Amino acid sequence: MSVLRSRPVLRWLVPATAVVAVIGGGAAVGTFAAEAEPSLPPRTAAQLLVDLQTSRLEGLSGTVVQRADLGLPPLVGLVPGNDLTTLLTGTHTLRVWYSGPERQRVALLDTLGERDVIRNGRDLWTWESRGNTARHLTLGDAATAGKPAIEAGPSLPATPQQAADLALGAIDPSTEVSVGRSATVAGRAAYELVLQPRDRDSLVHQLRIAIDAKQHVPLRFEVLAKGSDQPAFEVAFTQVDYRRPDADQFAFNPPPGVTVTEETAERPAAGRPDHAPPAGDPQVRAEGSGWTTVLVARLDDAAGKSIGAKPDASSAAKPAGAPEVDVSALLGGLPEVSGDWGSGRLFTSRLVSVLLTDDGRVLAGAVTPERLYQVARG
């Protein structure tokens, strides 16, 4: 299994990791418990990149912990859907299983229940324990022709492999690549590959990828903001086993009373947003490339009113389960800004900048405010 798969639609995700935390606190989170540095033979950055590209993995299972403290909840109601915000706050534990490119399972465990995504050949299942609901998608020939088992949607990566894949896909001349210190992750000796932006408009200091010295699999992924030596976001294996999991791990047996929704690869079930919007969708788009990518979207306001306008009863339509959000109070606490691009409100932290314009746009990126103004002007 190579971690260097082509995912051009998703390349903006990691260079703008904090972008998806639309109003993030930017607070650093504690690192995983440090272990002694192993003694490893020297390897160059180029050699590590080749290791990642040529690695082949028959099977894997393990426990992954993801940690973030990005302060997102106040703006959850402004972002359509919940997939974007699932893993953006606190600490989350996931169990993962991999057995070839067509069999993979990820289970998100929390205090309120479990969510599973399982692919077994042509069958793709998602299940949520809280509502005991499941969705079943039968994949077509194109989806089974050697593609990875579970493609990342518009959310934070669930495993170090997904994060590394996205980050490495974004490497271009604006990225400095080097080798960091060796580490021990999940009991495995690992090299560290360091990606650092050269563009001054980026707020990202470094991305660090710990790579298993023998299996060449990413074991840990960290994002650091400029001016900080602690990761603002990290995802890492705490336990890993490279044996092929039993086939039973990929067989989904619906529990009693489950409500199952059937879908097709061509057309999702009614009422469910696509995880990969069609090209040209005007609601969300990426401007620029690499580290200075900016996401541009419209606020979730069906009436199309400006940010400064107060909501009324006629515009109260909200997605089911969306939290109540006092938009005017939320935005009122942000400083007003203006320029030849227009006017609006600005949020900044060490890792993310968000511009909410009075004409209803939201621009976000792991970039300086000046970069947001440049995109808003265009």
# chains A, B, ... in the order shown; residues from 1 in each chain; ligands from 1

$ residues_around --residues "A:Leu112" --least-positions-apart "3" --cutoff "12 Å" --atoms "only C-alpha atoms" --output "list of chain:residue names"
A:His92, A:Leu108, A:Leu109, A:Arg115, A:Glu128, A:Ser129, A:Arg130, A:Gly131

$ write_last_selection --atoms "C-alpha atoms" --output "compact mmCIF listing (two decimals), in the first residue's frame"
# COMPACT_ATOMS: atom_id res chain seq x y z
CA HIS A 92 -10.53 10.96 19.96
CA LEU A 108 -14.48 6.14 15.92
CA LEU A 109 -15.07 5.48 19.61
CA ARG A 115 -19.28 5.20 14.34
CA GLU A 128 -23.80 5.00 13.96
CA SER A 129 -24.62 3.34 17.25
CA ARG A 130 -26.46 6.31 18.81
CA GLY A 131 -29.30 6.21 16.32

$ residues_around --residues "A:Ala364" --least-positions-apart "6" --cutoff "6 Å" --atoms "only C-alpha atoms" --output "list in words"
Val19, Val294, Leu295, Ser353 and Val354 of chain A

$ residues_around --residues "A:Pro254" --least-positions-apart "6" --cutoff "10 Å" --atoms "only C-alpha atoms" --output "ChimeraX atom specification"
/A:125,127,132-134,260

$ residues_around --residues "A:Arg345" --least-positions-apart "4" --cutoff "8 Å" --atoms "only C-alpha atoms" --output "ChimeraX atom specification"
/A:331,334-337,355-358

$ write_last_selection --atoms "C-alpha atoms" --output "PDB file, in the first residue's frame"
ATOM      1  CA  LEU A 331     -19.514  37.976  14.995  1.00  0.00           C
ATOM      2  CA  LEU A 334     -14.590  39.982  16.182  1.00  0.00           C
ATOM      3  CA  PRO A 335     -12.767  43.149  15.035  1.00  0.00           C
ATOM      4  CA  GLU A 336     -14.135  44.984  12.018  1.00  0.00           C
ATOM      5  CA  VAL A 337     -11.861  45.246   8.975  1.00  0.00           C
ATOM      6  CA  LEU A 355     -12.420  36.577   7.120  1.00  0.00           C
ATOM      7  CA  LEU A 356     -16.216  36.878   7.214  1.00  0.00           C
ATOM      8  CA  THR A 357     -17.294  39.520   4.738  1.00  0.00           C
ATOM      9  CA  ASP A 358     -20.438  41.616   4.987  1.00  0.00           C
TER      10      ASP A 358
END

$ closest_residue --among "A:Val235, A:Val204, A:Leu166, A:Ile209" --to "A:Trp291" --atoms "only C-alpha atoms"
A:Val204

$ residues_around --residues "stretch 182-199 of chain A" --least-positions-apart "3" --cutoff "8 Å" --atoms "only C-alpha atoms" --output "PyMOL selection string"
chain A and resi 34-40+45+48+174-179+202+204-213+219-220+236-240+291-292

$ write_last_selection --atoms "N, CA and C atoms" --output "tab-separated table (two decimals), in the first residue's frame"
chain	number	residue	atom	x	y	z
A	34	ALA	N	6.53	11.04	25.44
A	34	ALA	CA	7.80	10.92	24.73
A	34	ALA	C	8.48	9.59	25.09
A	35	GLU	N	9.12	8.98	24.12
A	35	GLU	CA	9.89	7.78	24.33
A	35	GLU	C	11.33	8.03	23.88
A	36	ALA	N	12.23	7.19	24.30
A	36	ALA	CA	13.64	7.38	23.99
A	36	ALA	C	13.87	7.36	22.48
A	37	GLU	N	14.81	8.19	22.04
A	37	GLU	CA	15.14	8.22	20.62
A	37	GLU	C	15.94	6.97	20.25
A	38	PRO	N	15.50	6.23	19.23
A	38	PRO	CA	16.25	5.04	18.81
A	38	PRO	C	17.47	5.45	17.98
A	39	SER	N	18.42	4.58	17.92
A	39	SER	CA	19.60	4.80	17.08
A	39	SER	C	19.34	4.14	15.73
A	40	LEU	N	19.25	4.96	14.67
A	40	LEU	CA	18.92	4.45	13.34
A	40	LEU	C	20.01	4.85	12.34
A	45	ALA	N	16.19	12.85	3.24
A	45	ALA	CA	14.78	13.11	2.99
A	45	ALA	C	14.33	12.43	1.70
A	48	LEU	N	13.68	8.81	2.35
A	48	LEU	CA	12.43	8.59	3.08
A	48	LEU	C	11.23	8.75	2.17
A	174	SER	N	7.52	25.22	-3.14
A	174	SER	CA	7.34	26.11	-2.00
A	174	SER	C	7.57	25.38	-0.68
A	175	THR	N	7.93	24.09	-0.73
A	175	THR	CA	8.11	23.28	0.47
A	175	THR	C	9.56	22.87	0.65
A	176	GLU	N	10.09	23.10	1.84
A	176	GLU	CA	11.42	22.61	2.20
A	176	GLU	C	11.25	21.27	2.91
A	177	VAL	N	11.94	20.26	2.43
A	177	VAL	CA	11.82	18.91	2.99
A	177	VAL	C	13.14	18.53	3.65
A	178	SER	N	13.07	18.05	4.89
A	178	SER	CA	14.28	17.69	5.62
A	178	SER	C	13.98	16.50	6.54
A	179	VAL	N	15.04	16.03	7.21
A	179	VAL	CA	14.90	14.92	8.15
A	179	VAL	C	15.03	15.45	9.57
A	202	SER	N	2.18	31.78	4.79
A	202	SER	CA	1.67	30.61	5.52
A	202	SER	C	1.92	30.78	7.01
A	204	VAL	N	1.74	28.05	8.93
A	204	VAL	CA	2.24	26.74	9.35
A	204	VAL	C	3.75	26.80	9.49
A	205	HIS	N	4.25	26.34	10.62
A	205	HIS	CA	5.70	26.26	10.81
A	205	HIS	C	6.25	24.98	10.20
A	206	GLN	N	5.67	23.83	10.60
A	206	GLN	CA	6.15	22.55	10.10
A	206	GLN	C	5.04	21.51	10.13
A	207	LEU	N	5.14	20.53	9.24
A	207	LEU	CA	4.44	19.28	9.35
A	207	LEU	C	5.49	18.21	9.62
A	208	ARG	N	5.26	17.38	10.61
A	208	ARG	CA	6.22	16.33	10.96
A	208	ARG	C	5.56	14.96	10.82
A	209	ILE	N	6.21	14.09	10.08
A	209	ILE	CA	5.68	12.75	9.82
A	209	ILE	C	6.68	11.73	10.34
A	210	ALA	N	6.28	10.94	11.34
A	210	ALA	CA	7.13	9.87	11.85
A	210	ALA	C	6.85	8.61	11.03
A	211	ILE	N	7.90	8.02	10.46
A	211	ILE	CA	7.78	6.91	9.52
A	211	ILE	C	8.45	5.66	10.10
A	212	ASP	N	7.71	4.57	10.17
A	212	ASP	CA	8.24	3.32	10.68
A	212	ASP	C	9.52	2.95	9.92
A	213	ALA	N	10.61	2.72	10.67
A	213	ALA	CA	11.92	2.50	10.05
A	213	ALA	C	11.96	1.21	9.23
A	219	LEU	N	3.48	6.66	11.20
A	219	LEU	CA	2.96	6.31	12.52
A	219	LEU	C	2.45	7.52	13.28
A	220	ARG	N	2.93	8.70	12.94
A	220	ARG	CA	2.49	9.91	13.64
A	220	ARG	C	2.57	11.09	12.69
A	236	ALA	N	-1.76	9.89	15.87
A	236	ALA	CA	-0.67	8.92	16.01
A	236	ALA	C	-1.19	7.56	16.42
A	237	PHE	N	-0.51	6.55	15.96
A	237	PHE	CA	-0.76	5.21	16.46
A	237	PHE	C	-0.24	5.10	17.89
A	238	THR	N	-1.02	4.51	18.76
A	238	THR	CA	-0.53	4.15	20.09
A	238	THR	C	-0.29	2.65	20.18
A	239	GLN	N	-0.84	1.90	19.23
A	239	GLN	CA	-0.61	0.46	19.12
A	239	GLN	C	-0.80	0.08	17.67
A	240	VAL	N	0.09	-0.76	17.13
A	240	VAL	CA	-0.01	-1.15	15.73
A	240	VAL	C	0.45	-2.59	15.57
A	291	TRP	N	0.61	25.81	0.33
A	291	TRP	CA	0.49	26.30	1.70
A	291	TRP	C	-0.40	27.53	1.82
A	292	THR	N	-0.55	28.28	0.76
A	292	THR	CA	-1.34	29.51	0.85
A	292	THR	C	-2.73	29.34	0.23

$ closest_residue --among "A:Arg200, A:Ala366, A:Thr93, A:Lys214" --to "A:Gly113" --atoms "only C-alpha atoms"
A:Thr93

$ atom_distance --atom1 "atom CA of A:Ile118" --atom2 "atom CA of A:Val217"
21.1 Å

$ atom_distance --atom1 "atom CA of A:Ser289" --atom2 "atom CA of A:Val367"
11.9 Å

$ closest_residue --among "A:Arg119, A:Arg298, A:Arg181, A:Lys226" --to "A:Val96" --atoms "only C-alpha atoms"
A:Arg119
